[in-house]
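As stored in run.csv (CSV, C-alpha atoms):
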chain,number,residue,atom,x,y,z
U,1,MET,CA,120.0,43.6,28.6
U,2,THR,CA,122.4,40.7,28.9
U,3,LEU,CA,126.1,40.7,27.8
U,4,GLY,CA,127.4,39.4,24.6
U,5,GLY,CA,129.6,36.3,24.9
U,6,PHE,CA,130.7,32.9,23.6
U,7,THR,CA,128.1,30.2,24.1
U,8,SER,CA,130.6,27.9,26.0
U,9,PRO,CA,134.4,27.6,26.7
U,10,GLN,CA,134.5,25.0,23.9
U,11,ALA,CA,132.9,27.4,21.5
U,12,ARG,CA,135.4,30.0,22.5
U,13,GLY,CA,138.3,27.6,21.8
U,14,GLU,CA,137.0,26.7,18.4
U,15,TYR,CA,136.5,30.3,17.5
U,16,ASP,CA,140.0,31.2,18.7
U,17,SER,CA,141.5,28.6,16.3
U,18,VAL,CA,139.7,30.1,13.4
U,19,TYR,CA,140.6,33.7,14.4
U,20,ASP,CA,144.2,32.8,14.7
U,21,ARG,CA,144.3,31.2,11.3
U,22,GLY,CA,142.6,34.2,9.7
U,23,PHE,CA,144.8,36.7,11.5
U,24,SER,CA,147.9,35.0,10.1
U,25,ALA,CA,146.8,36.3,6.6
U,26,LEU,CA,147.2,40.0,7.8
U,27,PRO,CA,150.3,42.2,7.5
U,28,ALA,CA,152.6,42.2,10.6
U,29,VAL,CA,151.2,43.9,13.6
U,30,THR,CA,153.5,46.6,15.1
U,31,GLU,CA,151.4,47.1,18.3
U,32,GLN,CA,148.6,45.4,20.2
U,33,ARG,CA,146.6,47.0,23.0
U,34,ASP,CA,143.7,46.0,25.2
U,35,VAL,CA,142.0,49.3,26.1
U,36,PRO,CA,139.8,49.4,29.2
U,37,THR,CA,136.4,51.2,28.8
U,38,ALA,CA,133.2,51.4,30.8
U,39,PHE,CA,131.7,48.7,28.7
U,40,GLY,CA,134.6,46.3,28.4
U,41,THR,CA,138.1,45.9,27.0
U,42,ALA,CA,138.7,46.9,23.3
U,43,ARG,CA,141.4,45.0,21.3
U,44,VAL,CA,143.2,47.4,19.1
U,45,TYR,CA,145.9,46.5,16.6
U,46,ARG,CA,148.3,49.0,14.9
U,47,PHE,CA,149.8,48.3,11.5
U,48,GLY,CA,152.8,50.5,10.5
U,49,GLU,CA,154.7,52.9,12.7
U,50,PRO,CA,153.0,55.8,14.5
U,51,GLY,CA,152.4,59.0,12.5
U,52,PRO,CA,150.1,61.9,11.9
U,53,ALA,CA,146.5,61.5,10.7
U,54,PRO,CA,146.2,57.7,11.1
U,55,MET,CA,143.5,55.6,9.6
U,56,VAL,CA,141.2,53.9,12.0
U,57,LEU,CA,139.1,50.9,10.8
U,58,LEU,CA,135.8,49.7,12.2
U,59,PRO,CA,134.6,46.4,10.8
U,60,GLY,CA,131.2,45.0,9.9
U,61,ARG,CA,129.2,42.7,12.2
U,62,ALA,CA,131.4,39.8,13.4
U,63,GLY,CA,134.1,40.8,10.9
U,64,THR,CA,136.8,41.7,13.4
U,65,THR,CA,140.1,43.1,12.3
U,66,ILE,CA,140.4,40.1,9.9
U,67,MET,CA,137.6,41.6,7.8
U,68,TRP,CA,140.1,44.1,6.4
U,69,GLU,CA,142.4,41.4,5.0
U,70,PRO,CA,141.7,42.5,1.4
U,71,ASN,CA,142.4,46.2,2.2
U,72,LEU,CA,145.1,46.4,4.9
U,73,PRO,CA,148.1,45.8,2.6
U,74,ALA,CA,147.1,48.9,0.5
U,75,PHE,CA,146.2,51.0,3.5
U,76,VAL,CA,149.4,50.4,5.3
U,77,THR,CA,151.4,51.8,2.4
U,78,ARG,CA,150.0,55.2,3.3
U,79,GLY,CA,150.9,55.3,7.0
U,80,PRO,CA,149.7,54.0,10.4
U,81,VAL,CA,146.5,52.0,10.5
U,82,TYR,CA,144.6,51.1,13.7
U,83,ALA,CA,142.0,48.3,13.5
U,84,LEU,CA,139.5,47.5,16.3
U,85,ASP,CA,137.6,44.3,17.3
U,86,LEU,CA,134.3,45.7,18.4
U,87,ILE,CA,133.1,45.4,22.0
U,88,GLY,CA,130.0,43.2,22.2
U,89,GLU,CA,130.9,41.1,19.2
U,90,PRO,CA,133.1,38.0,18.5
U,91,GLY,CA,136.8,38.7,18.5
U,92,ARG,CA,139.4,39.6,21.1
U,93,SER,CA,137.5,42.5,22.7
U,94,VAL,CA,135.5,41.6,25.9
U,95,GLN,CA,132.2,43.1,26.9
U,96,THR,CA,131.7,43.6,30.7
U,97,ALA,CA,128.7,45.9,30.8
U,98,PRO,CA,125.5,46.3,28.7
U,99,ILE,CA,125.6,48.7,25.7
U,100,ARG,CA,122.1,50.2,25.7
U,101,ASN,CA,122.1,52.8,23.0
U,102,ALA,CA,123.9,55.0,20.5
U,103,GLU,CA,125.4,57.1,23.3
U,104,ASP,CA,127.0,54.1,24.9
U,105,GLN,CA,128.4,52.9,21.5
U,106,ALA,CA,130.0,56.3,21.0
U,107,ALA,CA,131.3,56.4,24.6
U,108,TRP,CA,133.4,53.3,24.5
U,109,LEU,CA,134.9,54.2,21.1
U,110,ASP,CA,135.7,57.8,22.4
U,111,THR,CA,137.5,56.2,25.4
U,112,VAL,CA,139.6,54.2,23.0
U,113,PHE,CA,140.5,57.3,21.0
U,114,THR,CA,141.4,59.2,24.2
U,115,THR,CA,143.5,56.4,25.7
U,116,LEU,CA,145.5,56.1,22.4
U,117,ALA,CA,145.7,59.9,22.0
U,118,LEU,CA,144.1,59.6,18.5
U,119,ARG,CA,143.0,62.9,17.0
U,120,ASP,CA,142.4,64.1,13.5
U,121,VAL,CA,141.9,60.5,12.4
U,122,HIS,CA,140.6,59.2,9.0
U,123,LEU,CA,137.8,57.0,10.3
U,124,ILE,CA,136.7,54.2,8.0
U,125,GLY,CA,133.7,52.0,8.8
U,126,TYR,CA,132.1,49.2,6.9
U,127,SER,CA,128.5,48.0,7.3
U,128,PHE,CA,127.8,48.2,11.1
U,129,GLY,CA,131.2,49.7,11.5
U,130,GLY,CA,130.0,52.5,9.1
U,131,TRP,CA,127.1,53.3,11.4
U,132,LEU,CA,129.5,53.3,14.4
U,133,ALA,CA,131.8,55.7,12.6
U,134,ALA,CA,129.0,58.0,11.6
U,135,ASN,CA,127.6,57.8,15.2
U,136,LEU,CA,130.9,58.9,16.6
U,137,ALA,CA,131.2,61.7,14.1
U,138,VAL,CA,127.8,63.1,15.2
U,139,ARG,CA,128.9,63.0,18.9
U,140,ALA,CA,132.7,63.7,18.8
U,141,PRO,CA,133.4,65.4,15.5
U,142,ASP,CA,136.6,67.1,16.8
U,143,ARG,CA,138.4,63.7,16.7
U,144,ILE,CA,137.8,63.1,13.1
U,145,ALA,CA,139.6,64.5,10.0
U,146,SER,CA,137.5,62.6,7.5
U,147,LEU,CA,134.9,59.8,7.4
U,148,THR,CA,134.7,57.0,4.9
U,149,LEU,CA,131.5,55.0,5.1
U,150,ILE,CA,131.4,51.7,3.1
U,151,ASP,CA,127.8,50.6,2.6
U,152,PRO,CA,126.9,51.6,6.2
U,153,VAL,CA,123.8,50.2,7.8
U,154,GLN,CA,121.1,52.4,9.3
U,155,THR,CA,122.9,55.6,8.3
U,156,PHE,CA,121.3,56.8,5.1
U,157,ALA,CA,118.4,54.3,4.7
U,158,ARG,CA,116.6,51.8,6.9
U,159,PHE,CA,117.0,48.0,7.0
U,160,PRO,CA,114.6,46.4,4.6
U,161,ILE,CA,112.0,43.8,5.8
U,162,PRO,CA,113.7,40.8,4.1
U,163,LEU,CA,116.9,41.5,6.0
U,164,LEU,CA,115.1,41.7,9.3
U,165,VAL,CA,113.4,38.3,8.6
U,166,ARG,CA,116.6,36.6,7.6
U,167,SER,CA,118.4,38.0,10.6
U,168,ALA,CA,115.7,36.7,13.0
U,169,LEU,CA,116.1,33.2,11.5
U,170,ASN,CA,119.7,33.2,12.6
U,171,LEU,CA,118.5,33.5,16.2
U,172,VAL,CA,116.1,30.5,16.2
U,173,PRO,CA,117.6,27.3,17.6
U,174,GLY,CA,117.4,24.4,15.0
U,175,ILE,CA,117.1,26.8,12.1
U,176,ARG,CA,120.3,28.7,12.9
U,177,ARG,CA,122.6,26.0,11.5
U,178,TRP,CA,121.3,26.0,7.9
U,179,ALA,CA,120.2,29.7,8.0
U,180,ARG,CA,123.7,31.0,8.7
U,181,PRO,CA,125.5,29.9,5.5
U,182,SER,CA,122.4,30.9,3.4
U,183,PHE,CA,122.4,34.3,5.1
U,184,LEU,CA,126.1,35.0,4.3
U,185,ALA,CA,125.7,34.0,0.7
U,186,TRP,CA,122.6,36.2,0.4
U,187,ILE,CA,124.6,39.2,1.8
U,188,ALA,CA,127.2,38.6,-0.9
U,189,GLY,CA,124.6,38.7,-3.6
U,190,GLY,CA,124.6,34.9,-4.1
U,191,ALA,CA,128.3,34.6,-4.7
U,192,GLU,CA,129.9,31.4,-3.7
U,193,VAL,CA,132.5,32.0,-1.0
U,194,ALA,CA,135.7,29.9,-0.9
U,195,GLU,CA,135.9,27.7,2.2
U,196,ALA,CA,139.5,29.0,2.8
U,197,ASP,CA,138.4,32.7,2.7
U,198,PRO,CA,139.7,34.1,6.0
U,199,VAL,CA,137.0,36.8,6.2
U,200,ALA,CA,134.0,34.6,5.5
U,201,THR,CA,135.3,31.9,7.8
U,202,VAL,CA,135.8,34.2,10.8
U,203,ILE,CA,132.3,35.8,10.3
U,204,ASP,CA,130.7,32.4,10.0
U,205,GLU,CA,132.4,31.0,13.1
U,206,GLY,CA,131.6,34.2,15.1
U,207,MET,CA,127.9,33.9,14.2
U,208,ARG,CA,128.0,30.2,15.2
U,209,THR,CA,129.8,30.5,18.6
U,210,TYR,CA,128.9,34.0,19.9
U,211,ARG,CA,125.6,35.5,21.0
U,212,ILE,CA,125.5,39.3,20.4
U,213,ALA,CA,123.4,41.4,22.8
U,214,LEU,CA,123.7,44.8,21.3
U,215,PRO,CA,120.9,47.3,20.5
U,216,THR,CA,119.8,47.7,16.9
U,217,PRO,CA,121.4,50.8,15.4
U,218,VAL,CA,119.0,53.7,15.1
U,219,LEU,CA,118.8,55.4,11.8
U,220,LEU,CA,120.6,58.7,11.8
U,221,SER,CA,118.2,61.7,11.6
U,222,ASP,CA,118.2,64.4,8.9
U,223,ALA,CA,119.5,66.9,11.5
U,224,GLN,CA,122.4,64.6,12.5
U,225,LEU,CA,123.4,64.1,8.8
U,226,ARG,CA,123.2,67.9,8.1
U,227,GLY,CA,125.4,68.6,11.1
U,228,MET,CA,128.1,66.2,10.0
U,229,THR,CA,130.6,68.8,8.8
U,230,VAL,CA,133.7,66.6,8.3
U,231,PRO,CA,134.5,65.5,4.7
U,232,VAL,CA,132.7,62.2,3.9
U,233,LEU,CA,133.3,59.6,1.3
U,234,ALA,CA,130.2,57.3,1.0
U,235,LEU,CA,130.5,54.2,-1.1
U,236,ILE,CA,127.0,52.7,-1.6
U,237,ALA,CA,126.5,49.2,-3.1
U,238,GLY,CA,123.8,49.2,-5.7
U,239,ARG,CA,122.9,45.5,-5.1
U,240,SER,CA,123.1,45.8,-1.3
U,241,VAL,CA,120.6,43.9,0.8
U,242,ILE,CA,121.0,46.1,3.9
U,243,HIS,CA,119.2,49.1,2.4
U,244,ASP,CA,117.9,50.5,-0.8
U,245,GLY,CA,121.1,51.7,-2.4
U,246,GLN,CA,119.6,54.3,-4.6
U,247,ARG,CA,117.6,55.8,-1.7
U,248,ALA,CA,120.6,55.7,0.6
U,249,ALA,CA,122.8,57.5,-2.0
U,250,THR,CA,120.1,60.1,-2.6
U,251,ARG,CA,119.6,60.9,1.0
U,252,ALA,CA,123.4,61.1,1.7
U,253,SER,CA,123.8,63.5,-1.3
U,254,ASP,CA,120.9,65.7,-0.2
U,255,LEU,CA,121.8,66.0,3.5
U,256,LEU,CA,125.6,65.7,4.0
U,257,PRO,CA,127.3,69.2,3.8
U,258,ASP,CA,130.7,68.0,2.5
U,259,ALA,CA,130.3,64.6,0.8
U,260,ARG,CA,131.4,62.5,-2.1
U,261,VAL,CA,128.6,60.0,-2.5
U,262,GLU,CA,129.1,57.2,-5.0
U,263,LEU,CA,126.6,54.5,-5.9
U,264,TRP,CA,128.4,51.4,-7.3
U,265,PRO,CA,125.6,49.8,-9.3
U,266,THR,CA,126.9,46.2,-9.6
U,267,ALA,CA,128.5,46.0,-6.1
U,268,THR,CA,126.9,43.9,-3.3
U,269,HIS,CA,127.2,44.5,0.4
U,270,ALA,CA,130.5,42.6,0.3
U,271,ILE,CA,131.9,45.5,-1.7
U,272,ALA,CA,135.0,46.0,0.5
U,273,GLY,CA,136.2,42.5,-0.4
U,274,GLU,CA,134.7,41.8,-3.8
U,275,SER,CA,136.0,45.1,-5.3
U,276,ALA,CA,139.0,45.5,-3.0
U,277,ALA,CA,141.4,47.0,-5.5
U,278,GLU,CA,138.9,49.6,-6.6
U,279,VAL,CA,137.8,50.4,-3.0
U,280,ASN,CA,141.4,50.7,-1.8
U,281,ALA,CA,142.3,53.1,-4.6
U,282,ARG,CA,139.2,55.3,-4.1
U,283,VAL,CA,139.8,55.5,-0.3
U,284,LEU,CA,143.4,56.4,-0.7
U,285,GLU,CA,142.6,59.0,-3.4
U,286,PHE,CA,140.0,60.6,-1.1
U,287,LEU,CA,142.5,60.8,1.8
U,288,ALA,CA,145.1,62.3,-0.4
U,289,GLU,CA,142.6,64.9,-1.6
U,290,ILE,CA,141.6,65.8,2.1
U,291,GLU,CA,145.2,66.2,3.1
Output the file's structure in the form of structure tokens.
Amino acid sequence: MTLGGFTSPQARGEYDSVYDRGFSALPAVTEQRDVPTAFGTARVYRFGEPGPAPMVLLPGRAGTTIMWEPNLPAFVTRGPVYALDLIGEPGRSVQTAPIRNAEDQAAWLDTVFTTLALRDVHLIGYSFGGWLAANLAVRAPDRIASLTLIDPVQTFARFPIPLLVRSALNLVPGIRRWARPSFLAWIAGGAEVAEADPVATVIDEGMRTYRIALPTPVLLSDAQLRGMTVPVLALIAGRSVIHDGQRAATRASDLLPDARVELWPTATHAIAGESAAEVNARVLEFLAEIE
């Protein structure tokens, strides 16, 4: 398996310009770390001062820390927030070794937690980041005080065929250019995205300039979900294209021992941004309940 990386130095420069503009929309960063792992260097930002039970944010595919722009101002009012750019994806993290499976994904993330002395964290993952969060909870539950999964992929239900087809089109030279904007609009339920939107812009530019070489997430098994004993808040989008929302919500409710599973019927997979105020309030309410 090859490594993920930018297609050229020019592509990297163009992406960096978009990243910097998007990052300027975020609250002030209080600490920035590049954490070495066996698979590369993970860029971690802290917002707010250090404190107990921090929130740790894992973004969706190509979203980077900038993906949390609609959510960070509310989250920072609670206490310290750590946000990661994922290894093997566009952003400021750098992949140096192949990531082959779910064990490798958990290993680099666990290294970050160890290096930063993060324990009893409130781990929040969106989309692919939701799967990463659940995967870590399966393999290192002692690090986690609670788990918030926002429309996570391959966690409670499988990818549907239309998503796999559209994703494949984004890899075909010549088709990729027109398929990418269409794909992003489809993910958002057909909603028109403003050109100046920092989240959509950085995702689009990342998909254009970076080639990801990561394994497809493996659906969590019934046994893994039953063994997930930490408190879980699962927000499932009813109009999501990354799984059957009703099926995902039912399986989560049936298998998770300690879960608050909510199916938001009108929400799309872009739920964290399109319903930011409601998502922010629900997450903070959940954390207050746990604590």
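Using all atoms listed in the file, the residues found no farther than 7 Å from stretch 39-48 of chain U, other than those of its own chain fewer than 4 positions away, are U:Ala28, U:Val29, U:Thr30, U:Glu31, U:Gln32, U:Arg33, U:Asp34, U:Val35, U:Val76, U:Gly79, U:Pro80, U:Val81, U:Tyr82, U:Ala83, U:Leu84, U:Asp85, U:Leu86, U:Ile87, U:Arg92, U:Ser93, U:Val94, U:Gln95, U:Thr96, U:Ala97, U:Pro98, U:Ile99, U:Trp108.
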>> Using all atoms listed in the file, which protein or nucleic acid residues come within 8 Å of stretch 218-222 of chain U? Drop anything in the same chain fewer than 4 positions from it, and give the result as an MDAnalysis selection string.
In response: chainID U and resid 102 135 154:158 226 255
>> Give me, as a PyMOL selection string, all polymer residues having an atom no more than 10 Å from U:Val138, counting only C-alpha atoms and skipping those fewer than 6 positions away in the same chain.
In response: chain U and resi 106+132+220+223-230
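Residue nearest U:Leu123, chosen from U:Glu278, U:Ala74, U:Val283, U:Ile212 and counting all atoms listed in the file: U:Val283.
Using all atoms listed in the file for every distance, the candidate list U:Val202, U:Val261, U:Ala237, U:Met67 yields U:Val261 as the residue closest to U:Thr148.
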>> I want to know what sits within 8 Å of U:Gly63, based on all atoms listed in the file, with residues of the same chain fewer than 3 positions away left out; could you give that as a list in words?
In response: Pro59, Gly60, Ile66, Met67, Val199, Val202 and Ile203 of chain U
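Of note, atom CA of U:Tyr126 and atom CA of U:Asp16 are spaced 22.9 Å apart.
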Which residues are close to U:Tyr210, i.e. within 12 Å by all atoms listed in the file, leaving aside same-chain residues fewer than 6 positions away? Reply as an mmCIF file with C-alpha atoms, keeping the file's coordinate frame.
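So selection-v2.cif came out as:
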data_model
loop_
_atom_site.group_PDB
_atom_site.id
_atom_site.type_symbol
_atom_site.label_atom_id
_atom_site.label_comp_id
_atom_site.auth_asym_id
_atom_site.auth_seq_id
_atom_site.Cartn_x
_atom_site.Cartn_y
_atom_site.Cartn_z
ATOM 1 C CA LEU U 3 126.100 40.700 27.800
ATOM 2 C CA GLY U 4 127.400 39.400 24.600
ATOM 3 C CA GLY U 5 129.600 36.300 24.900
ATOM 4 C CA PHE U 6 130.700 32.900 23.600
ATOM 5 C CA THR U 7 128.100 30.200 24.100
ATOM 6 C CA SER U 8 130.600 27.900 26.000
ATOM 7 C CA PRO U 9 134.400 27.600 26.700
ATOM 8 C CA GLN U 10 134.500 25.000 23.900
ATOM 9 C CA ALA U 11 132.900 27.400 21.500
ATOM 10 C CA ARG U 12 135.400 30.000 22.500
ATOM 11 C CA GLY U 13 138.300 27.600 21.800
ATOM 12 C CA GLU U 14 137.000 26.700 18.400
ATOM 13 C CA TYR U 15 136.500 30.300 17.500
ATOM 14 C CA ASP U 16 140.000 31.200 18.700
ATOM 15 C CA ARG U 61 129.200 42.700 12.200
ATOM 16 C CA ALA U 62 131.400 39.800 13.400
ATOM 17 C CA GLY U 88 130.000 43.200 22.200
ATOM 18 C CA GLU U 89 130.900 41.100 19.200
ATOM 19 C CA PRO U 90 133.100 38.000 18.500
ATOM 20 C CA GLY U 91 136.800 38.700 18.500
ATOM 21 C CA ARG U 92 139.400 39.600 21.100
ATOM 22 C CA VAL U 94 135.500 41.600 25.900
ATOM 23 C CA GLN U 95 132.200 43.100 26.900
ATOM 24 C CA ASN U 170 119.700 33.200 12.600
ATOM 25 C CA LEU U 171 118.500 33.500 16.200
ATOM 26 C CA VAL U 202 135.800 34.200 10.800
ATOM 27 C CA ILE U 203 132.300 35.800 10.300
ATOM 28 C CA ASP U 204 130.700 32.400 10.000
#
